[in-house]
Structure formats: C-alpha cells, structure tokens
Amino acid sequence: MTIPREVLMTVTTIPEPQAPPRPGAKPLNATTECRVRLRAHVIGHVGSDGGVRDRCGSRVLESSIMLFLLRAENRYPAAQRSIVEFLRKRAGTVYSGRDGAALGALETAMIDAVLSDRPSTADSAFAFLDAFDHFTSPRKRFMFHTLLTELGAAESRARFDLESVGYDEYATWVNLQMCALKILRAYQCGRPHLATAADRDFLMTQLAAGSTRCIFEADVFAHLVALLAARRVQPGTPLVSAGIEYLLRAQNPDGGLPFIAGWEPFVTAVCALALAASDADTALIELMAAFVAGHQRRDGGWPFAPGVRQSDADCSPYCLQLLRVAAPRRFAGQIRRAERYLAALVNADGGFGTYRRGDPSEVGVTGSAALALAPAPDQFAVTLGGAVAFLLRRQRPDGTFERGWSLSEANAMFRAMLALRHCAGQTSEIMKAAIRQAFESCARYLISAQNSDGGWGQCAGDPSDVLSTSYSILALDACGTTGPVPRAHEYLLAQQQSDGGYVSIPDSAGPRPIPHDVPVLADAFALLALGRPFGELIGQS
C-alpha cells in the first residue's frame, strides 16, 4: 500500500489544555474535556508524599504456584479457597491477538495442573514456549518446562545441561530464579547431586538475606520459585513458612497473586511526565519528582520498586526525564549521577541492555536511554550517535522493531522514534536521510495498521486497545505524522471510563513473554498521548 506523502506529513495541532469552563463560558471541545477529566483521574492516584502506588494485577502463573505451595505445606485453607476461585474465573478467559491462543494454552495448563484431573494440556504450552523467539528463549524454555513439571502439568522430557546453568550474570531476581530452577530440575531428573553445595548455599543465603524487601526484590514470582526449591534443599525450613506469609500480604482482593509487589518509582515517573504534558500544577510535578529522586540508588540509577538492589535502564530514563522536566536546578546532582549511570551501560554496538553493560542491547531500552541523554548532546555526542545508528540498524523493512518488554509493537516504535527525533542534531547528512526514511517507514506501517475504530492493537490486525493506541500516537508525533491522530483521539474518547480513567489489556511482559497488568499505566500513557508533544515536554523542538 502506498501512502501519499501529504498524508504522511499532515500536522494536526492538539488543543491546549484549558481549565474547566465557568458558567456561561464556551464549552470545552471533546478532546480537551477528555484530557481534563483524565488529568484529574491521574492526580487522584498521587499520594501525599508524591508517590503513585498501584497494585499489579493477579496472574495465573503466580497464583497456581502459590496454590501448589500452600497445599504442599498444608497451610492457610482460606487463602487456598480464594486462589481456587480466582483460577476458576480465569479458566474462562478468552484471549485475543497474535499470542492470545498460546498464552491461553499456557495458563490452561497451569490451571489444569492445580485444579483438574483432566488429561494434561501442557503439550500446546510447551509448543508455545519452544516457539518463543527472543534472546532470553533458552532460559524461558528451561524455566517453564521445569515449573510445569513441578506443578504436575506434565513430565517434560526436554534435556537441559544443568552443569552449565549459571546465576551470576543476570538481574538479582533472575540469578535467584536460575539457581532455584537448577535445583528443582536436578531433583526432577533424579540427579540431586547436580545441585551442588554452592547452589544450595546461594539459594538459602539469598532467601534469608539477599534482599532488603520481605518479598525478594519485590518479585513475587522469583520468591515463589525459590521457595519451591528451598523445600527440596531443607524440608521444613522456616524460610518457606515465612516466605508464604510475606507473599500472602501481596494477595489481591480477587484472590490471585501478582507478579510484582510494587512499581512506585516507575509508575510515579510516568504519571508525573503525563501530568506535566497536560499542564498540571508545577508544584505537584516537583513533589512527585522529589519522591522519585528519593529512591535513586548510589549507582545513579533507579530500580522499579523501593528497596530493590537492581537498578535498570528501563525505569531510570523515565525518572531522569522527570527530574529534568520538574526542577533541573534543584535536582542537578541527581541528574548528573543518572546520566553517568546510563552512559556507563552503553554496549559496543551502540545500544543499551536493561540491567548492565554487556546485556543484549534492546530497542525500547536504547530509545529511552538515548532520549534521556539527549538534552546534553555535547557531553554525550558519541553515545547518542551510536544509539541512533543502533536503532536504524534494528528497524525492520516494514518499519517495526522487535518487541521487548512490551507485547505491543508500538511501544518500541515510539521510544525509538522519539530518540531518533531528538538525538540526531549533530549527525551527518547521510544519517539524517536515514532517519527521515525511518520516520516514513514507521508512519507508513502505523497508518496501514490503524483499525477501523481509530485505534491500534498490539500487532497489526489485533483488536484495538488503549495502551497500543497511546503508543502509536506518540510514535506518529515523533515521526511528524499526525494525520491519523484525530481518529485515534476519537477512539480514546470512546474508551474513557465514567471516572475519567482507562482500562486496557496488559502489554508489559515479565518473565517474557508472559504479560502482567499495571492498571495505572493505561491512564498515564493515554494522558501522554493526549497532551503536549513529547519534544515540548522535555524542552526540545
């Protein structure tokens, strides 16, 4: 399909936010009214200390493991009943989109393992996991084959080289998971000696003292997997009973267990940027920035939750951008430390990994990190040039990128396009021409993928959802192509809830490719999409 250039380059001005109309004043237009109501809704999430706290939605993965663990330990029958009720309700969930049937198969296999005597449905789940194409794929196959076997969903006969399983090269919680999975697999295969004394010591030491959080690094999933292994290593250890009690404190009202117990720095930063884009009170934005600044780690980065030891380059750029937007003089020291943290993570290929230098470079992370460093082009000229070149190399011929921490194609697209828009000032004319082509390819894809209702789904052809639509609007804005935006605004207007907020299918993935829901992000990204262009927000044209 050929898109006329005049359509690609159409510019539509989004009306500026206005105060609610006075009696007799001219009514707000629909988009502005939507934005005003949404802004008020997001402000309602902000605590007196400036932090935004939102519960991660319940998942089948953690809930099934917890039910298995409670039954094995013969503990908390009331909690067991509430989890059973949650899982029974989720058993009827209908999934849509490219990965829907496969994700449904995985959840069905886990639910059947703990609730049903029916024949195992794990074969289709194994097929889904084996087909998952990502640099983390080998780890994920090992993880889920082991877990499904432990839960009794099926006996996985897949062969894994346990002696080569390492747990000193990943994020803190992944290291714990990998050690626990190695131990579980060794026992499952009838070769417990492959779980060495060092493995056992690492597991138990990390569970006892490896995190400042009661739930290990705020990661419910990692803690559950570790407890399964601890039962094998030291039957009756008090670490299991204590861990169960900590985890039950995170149980949601619907009876299920979440993936993560806290996202405060990350969601606060995103919400504050969205409020700034909608011209909320500057004192509120600075209060939120102060909350975020208070959770910066000594290394200059931010973890996704307070007290977590592991900083990351996915959360940190949003936090750095907020400090710049809110009060750059007040937070000058924190900004410099954050810049140094990010700059130290760049890889030889010009991209950024999520947790440390040498991690595989990822498009979304690279886009966000480069955008956060863009306001200091002289200081980081080499880093920004390398990031631009990396992003251009990783764009596919159709304008898309691989999906990373989001299941929505438009997430990586908007982060990459914003970086290309704001990091290319000192690049060569040849590079500038390549960037223009990247914009046109991205815009062409999004125009062709827009659904008849004006929204976008996670992939072309998927039903529209609020998060994917918001990401797509941000990507089109970065490309300088806003022709499709009015119809997208109409979609967002139609999806707004009576309280002013939004509901969306989850797109954040972890462990990839399993989605988890942080509901407030639908509000925050919709408000970003309806607000001032991102370039104006961060002080660049």
# chains A, B, ... in the order shown; residues from 1 in each chain; ligands from 1
call {"tool": "residues_around", "arguments": {"residues": "A:Ala526", "least_positions_apart": "5", "cutoff": "9 Å", "atoms": "only C-alpha atoms", "output": "list in words"}}
result
Arg35, Leu38, Ala274, Val466, Leu467, Thr469, Ser470, Tyr471, Leu492, Gly501, Tyr502, Leu521 and Gly531 of chain A
call {"tool": "residues_around", "arguments": {"residues": "A:Leu476", "least_positions_apart": "3", "cutoff": "10 Å", "atoms": "only C-alpha atoms", "output": "number ranges by chain"}}
result
A: 8-9, 410, 413-414, 417-418, 439-440, 442-444, 446-447, 471-473, 479-485
call {"tool": "write_last_selection", "arguments": {"atoms": "C-alpha atoms", "output": "JSON list (two decimals), in the first residue's frame"}}
result
[["chain", "number", "residue", "atom", "x", "y", "z"],
["A", 8, "LEU", "CA", 2.30, 11.11, 5.93],
["A", 9, "MET", "CA", 3.34, 14.63, 6.77],
["A", 410, "ALA", "CA", 4.18, 0.44, 19.01],
["A", 413, "MET", "CA", 8.43, 2.18, 17.90],
["A", 414, "PHE", "CA", 7.54, 5.27, 19.90],
["A", 417, "MET", "CA", 11.26, 7.33, 17.01],
["A", 418, "LEU", "CA", 11.47, 9.84, 19.88],
["A", 439, "PHE", "CA", 10.17, 8.04, 10.18],
["A", 440, "GLU", "CA", 8.38, 7.40, 6.91],
["A", 442, "CYS", "CA", 7.27, 3.76, 10.83],
["A", 443, "ALA", "CA", 4.45, 6.12, 9.90],
["A", 444, "ARG", "CA", 3.54, 4.09, 6.83],
["A", 446, "LEU", "CA", 1.12, 2.60, 11.62],
["A", 447, "ILE", "CA", -1.21, 4.22, 9.10],
["A", 471, "TYR", "CA", 1.98, 4.35, 21.99],
["A", 472, "SER", "CA", 1.03, 4.70, 18.32],
["A", 473, "ILE", "CA", 0.01, 8.33, 18.76],
["A", 479, "CYS", "CA", 7.59, 10.94, 13.07],
["A", 480, "GLY", "CA", 5.93, 14.30, 12.38],
["A", 481, "THR", "CA", 2.89, 12.47, 11.02],
["A", 482, "THR", "CA", -0.34, 13.30, 12.78],
["A", 483, "GLY", "CA", -2.90, 12.69, 10.03],
["A", 484, "PRO", "CA", -4.29, 9.52, 11.70],
["A", 485, "VAL", "CA", -4.33, 11.13, 15.17]]
call {"tool": "select_by_dssp", "arguments": {"residues": "stretch 202-363 of chain A", "states": "alpha helix (DSSP H)", "output": "number ranges by chain"}}
result
A: 202-209, 220-233, 238-248, 264-277, 282-293, 316-326, 332-343, 363
call {"tool": "closest_residue", "arguments": {"among": "A:Leu61, A:Tyr246, A:Leu530, A:Pro519", "to": "A:Pro486", "atoms": "only C-alpha atoms"}}
result
A:Leu530
call {"tool": "select_by_dssp", "arguments": {"residues": "stretch 248-322 of chain A", "states": "strand (DSSP E or B)", "output": "list in words"}}
result
Leu257, Pro258, Ile260, Trp302 and Asp312 of chain A
call {"tool": "write_last_selection", "arguments": {"atoms": "N, CA and C atoms", "output": "short mmCIF file (atom, residue, chain, number, x, y, z; two decimals), in the first residue's frame"}}
result
data_model
loop_
_atom_site.label_atom_id
_atom_site.label_comp_id
_atom_site.auth_asym_id
_atom_site.auth_seq_id
_atom_site.Cartn_x
_atom_site.Cartn_y
_atom_site.Cartn_z
N LEU A 257 -2.54 -13.82 42.96
CA LEU A 257 -1.24 -13.25 43.31
C LEU A 257 -0.70 -12.46 42.12
N PRO A 258 -0.04 -11.33 42.40
CA PRO A 258 0.54 -10.53 41.32
C PRO A 258 1.93 -11.02 40.96
N ILE A 260 4.52 -8.65 40.62
CA ILE A 260 5.43 -7.74 41.32
C ILE A 260 4.67 -7.06 42.46
N TRP A 302 17.81 3.87 38.93
CA TRP A 302 16.63 3.58 39.73
C TRP A 302 16.18 2.14 39.53
N ASP A 312 17.92 -0.33 36.79
CA ASP A 312 17.75 -0.77 35.40
C ASP A 312 17.58 0.42 34.46
#
call {"tool": "residues_around", "arguments": {"residues": "A:Asp499", "least_positions_apart": "3", "cutoff": "12 Å", "atoms": "only C-alpha atoms", "output": "list in words"}}
result
Cys34, Val36, Arg37, Leu38, Arg39, Ala40, His41, Val42, Gly44, Gln495, Gln496, Tyr502, Val503 and Asp523 of chain A
call {"tool": "residues_around", "arguments": {"residues": "A:Pro328", "least_positions_apart": "5", "cutoff": "12 Å", "atoms": "only C-alpha atoms", "output": "mmCIF file with N, CA and C atoms, in the first residue's frame"}}
result
data_model
loop_
_atom_site.group_PDB
_atom_site.id
_atom_site.type_symbol
_atom_site.label_atom_id
_atom_site.label_comp_id
_atom_site.auth_asym_id
_atom_site.auth_seq_id
_atom_site.Cartn_x
_atom_site.Cartn_y
_atom_site.Cartn_z
ATOM 1 N N GLU A 286 6.755 18.745 40.888
ATOM 2 C CA GLU A 286 8.003 18.775 41.643
ATOM 3 C C GLU A 286 7.924 17.865 42.867
ATOM 4 N N ALA A 289 8.521 14.490 41.594
ATOM 5 C CA ALA A 289 9.935 14.333 41.255
ATOM 6 C C ALA A 289 10.779 14.125 42.506
ATOM 7 N N ALA A 290 10.424 14.815 43.578
ATOM 8 C CA ALA A 290 11.163 14.634 44.830
ATOM 9 C C ALA A 290 10.988 13.212 45.361
ATOM 10 N N ALA A 293 13.241 11.125 43.177
ATOM 11 C CA ALA A 293 14.646 11.380 43.490
ATOM 12 C C ALA A 293 15.064 10.675 44.771
ATOM 13 N N LEU A 320 14.916 10.052 35.165
ATOM 14 C CA LEU A 320 15.809 11.146 34.793
ATOM 15 C C LEU A 320 15.053 12.229 34.037
ATOM 16 N N GLN A 321 14.217 11.843 33.083
ATOM 17 C CA GLN A 321 13.441 12.828 32.335
ATOM 18 C C GLN A 321 12.552 13.649 33.257
ATOM 19 N N LEU A 322 11.962 12.987 34.254
ATOM 20 C CA LEU A 322 11.095 13.718 35.178
ATOM 21 C C LEU A 322 11.876 14.773 35.951
ATOM 22 N N LEU A 323 13.065 14.433 36.447
ATOM 23 C CA LEU A 323 13.851 15.402 37.201
ATOM 24 C C LEU A 323 14.201 16.606 36.335
ATOM 25 N N GLY A 333 22.338 17.500 40.893
ATOM 26 C CA GLY A 333 23.234 16.415 41.299
ATOM 27 C C GLY A 333 22.705 15.050 40.937
ATOM 28 N N GLN A 334 21.427 14.837 41.191
ATOM 29 C CA GLN A 334 20.808 13.552 40.840
ATOM 30 C C GLN A 334 20.811 13.333 39.330
ATOM 31 N N ILE A 335 20.616 14.411 38.577
ATOM 32 C CA ILE A 335 20.613 14.303 37.113
ATOM 33 C C ILE A 335 21.989 13.887 36.610
ATOM 34 N N ARG A 336 23.040 14.494 37.153
ATOM 35 C CA ARG A 336 24.398 14.140 36.706
ATOM 36 C C ARG A 336 24.706 12.671 37.027
ATOM 37 N N PRO A 375 19.289 15.824 26.086
ATOM 38 C CA PRO A 375 19.468 17.234 26.449
ATOM 39 C C PRO A 375 20.924 17.641 26.708
ATOM 40 N N ILE A 538 10.031 17.820 27.060
ATOM 41 C CA ILE A 538 11.408 17.690 27.521
ATOM 42 C C ILE A 538 12.268 18.876 27.107
ATOM 43 N N GLY A 539 11.620 19.919 26.554
ATOM 44 C CA GLY A 539 12.325 21.159 26.274
ATOM 45 C C GLY A 539 13.109 21.164 24.993
#
call {"tool": "closest_residue", "arguments": {"among": "A:Asp465, A:Glu33, A:Asp112, A:Asp279", "to": "A:Ala154", "atoms": "only C-alpha atoms"}}
result
A:Asp112
call {"tool": "closest_residue", "arguments": {"among": "A:Leu184, A:Ala509, A:Val520, A:Ile83", "to": "A:Leu147", "atoms": "only C-alpha atoms"}}
result
A:Leu184
call {"tool": "residues_around", "arguments": {"residues": "stretch 157-174 of chain A", "least_positions_apart": "5", "cutoff": "8 Å", "atoms": "only C-alpha atoms", "output": "PyMOL selection string"}}
result
chain A and resi 142+145+179+182+185-186+194+216-217+219+222+309-310+355
call {"tool": "residues_around", "arguments": {"residues": "A:Arg356", "least_positions_apart": "5", "cutoff": "12 Å", "atoms": "only C-alpha atoms", "output": "list in words"}}
result
Glu169, Tyr170, Ala171, Thr172, Asp299, Gly301, Gln310, Ser311, Asp312, Ala313, Asp314, Tyr341, Leu342, Ala343, Ala344, Leu345, Val346, Asn347, Gly351, Ser361, Glu362 and Val365 of chain A
call {"tool": "closest_residue", "arguments": {"among": "A:Phe534, A:Phe266, A:Tyr491, A:Tyr76", "to": "A:Ile244", "atoms": "only C-alpha atoms"}}
result
A:Tyr76
call {"tool": "residues_around", "arguments": {"residues": "A:Pro511", "least_positions_apart": "6", "cutoff": "10 Å", "atoms": "only C-alpha atoms", "output": "ChimeraX atom specification"}}
result
/A:136,140,143,174,221-222,259,405
call {"tool": "write_last_selection", "arguments": {"atoms": "all heavy atoms", "output": "short mmCIF file (atom, residue, chain, number, x, y, z; two decimals), in the first residue's frame"}}
result
data_model
loop_
_atom_site.label_atom_id
_atom_site.label_comp_id
_atom_site.auth_asym_id
_atom_site.auth_seq_id
_atom_site.Cartn_x
_atom_site.Cartn_y
_atom_site.Cartn_z
N THR A 136 16.23 -14.30 25.31
CA THR A 136 16.02 -14.99 26.58
C THR A 136 15.36 -16.36 26.40
O THR A 136 15.09 -17.04 27.39
CB THR A 136 15.13 -14.14 27.50
OG1 THR A 136 13.83 -13.98 26.90
CG2 THR A 136 15.74 -12.77 27.76
N LYS A 140 13.89 -19.18 29.20
CA LYS A 140 12.45 -19.31 29.40
C LYS A 140 11.98 -20.74 29.16
O LYS A 140 11.08 -21.23 29.86
CB LYS A 140 11.70 -18.33 28.49
CG LYS A 140 12.05 -16.88 28.77
CD LYS A 140 11.88 -16.53 30.24
CE LYS A 140 12.54 -15.23 30.63
NZ LYS A 140 12.13 -14.07 29.86
N MET A 143 12.94 -22.58 32.24
CA MET A 143 12.10 -22.15 33.36
C MET A 143 10.74 -22.82 33.33
O MET A 143 10.30 -23.44 34.31
CB MET A 143 11.93 -20.62 33.33
CG MET A 143 10.96 -20.08 34.37
SD MET A 143 10.70 -18.30 34.14
CE MET A 143 12.34 -17.67 34.52
N VAL A 174 16.67 -12.73 38.78
CA VAL A 174 16.88 -13.79 37.79
C VAL A 174 17.95 -14.75 38.28
O VAL A 174 17.85 -15.97 38.09
CB VAL A 174 17.23 -13.21 36.40
CG1 VAL A 174 17.47 -14.33 35.40
CG2 VAL A 174 16.11 -12.30 35.91
N PHE A 221 7.10 -13.67 41.77
CA PHE A 221 7.41 -14.87 41.00
C PHE A 221 8.74 -15.48 41.44
O PHE A 221 8.84 -16.69 41.70
CB PHE A 221 7.44 -14.54 39.51
CG PHE A 221 7.85 -15.69 38.64
CD1 PHE A 221 7.01 -16.76 38.44
CD2 PHE A 221 9.10 -15.71 38.03
CE1 PHE A 221 7.38 -17.84 37.65
CE2 PHE A 221 9.48 -16.76 37.22
CZ PHE A 221 8.63 -17.83 37.03
N ALA A 222 9.79 -14.65 41.53
CA ALA A 222 11.10 -15.17 41.91
C ALA A 222 11.07 -15.78 43.30
O ALA A 222 11.67 -16.84 43.55
CB ALA A 222 12.14 -14.04 41.86
N PHE A 259 2.49 -10.44 39.92
CA PHE A 259 3.87 -10.71 39.51
C PHE A 259 4.85 -9.93 40.38
O PHE A 259 5.86 -10.44 40.83
CB PHE A 259 4.02 -10.33 38.04
CG PHE A 259 5.44 -10.25 37.53
CD1 PHE A 259 6.38 -11.21 37.86
CD2 PHE A 259 5.82 -9.22 36.69
CE1 PHE A 259 7.68 -11.14 37.38
CE2 PHE A 259 7.12 -9.14 36.19
CZ PHE A 259 8.05 -10.08 36.55
N TRP A 405 10.18 -5.43 26.22
CA TRP A 405 9.46 -5.57 27.48
C TRP A 405 7.97 -5.33 27.32
O TRP A 405 7.21 -5.44 28.28
CB TRP A 405 10.03 -4.60 28.52
CG TRP A 405 11.38 -4.99 29.00
CD1 TRP A 405 12.58 -4.41 28.68
CD2 TRP A 405 11.71 -6.06 29.89
NE1 TRP A 405 13.61 -5.05 29.31
CE2 TRP A 405 13.11 -6.07 30.06
CE3 TRP A 405 10.95 -7.02 30.56
CZ2 TRP A 405 13.77 -6.99 30.88
CZ3 TRP A 405 11.60 -7.94 31.37
CH2 TRP A 405 13.00 -7.92 31.53
#
call {"tool": "atom_distance", "arguments": {"atom1": "atom CA of A:Phe202", "atom2": "atom CA of A:Val220"}}
result
18.6 Å
call {"tool": "closest_residue", "arguments": {"among": "A:Gly256, A:Pro360, A:Pro317, A:Pro306", "to": "A:Ala338", "atoms": "only C-alpha atoms"}}
result
A:Pro317
call {"tool": "closest_residue", "arguments": {"among": "A:Arg75, A:Arg532, A:Arg81, A:His193", "to": "A:Ala242", "atoms": "only C-alpha atoms"}}
result
A:Arg75
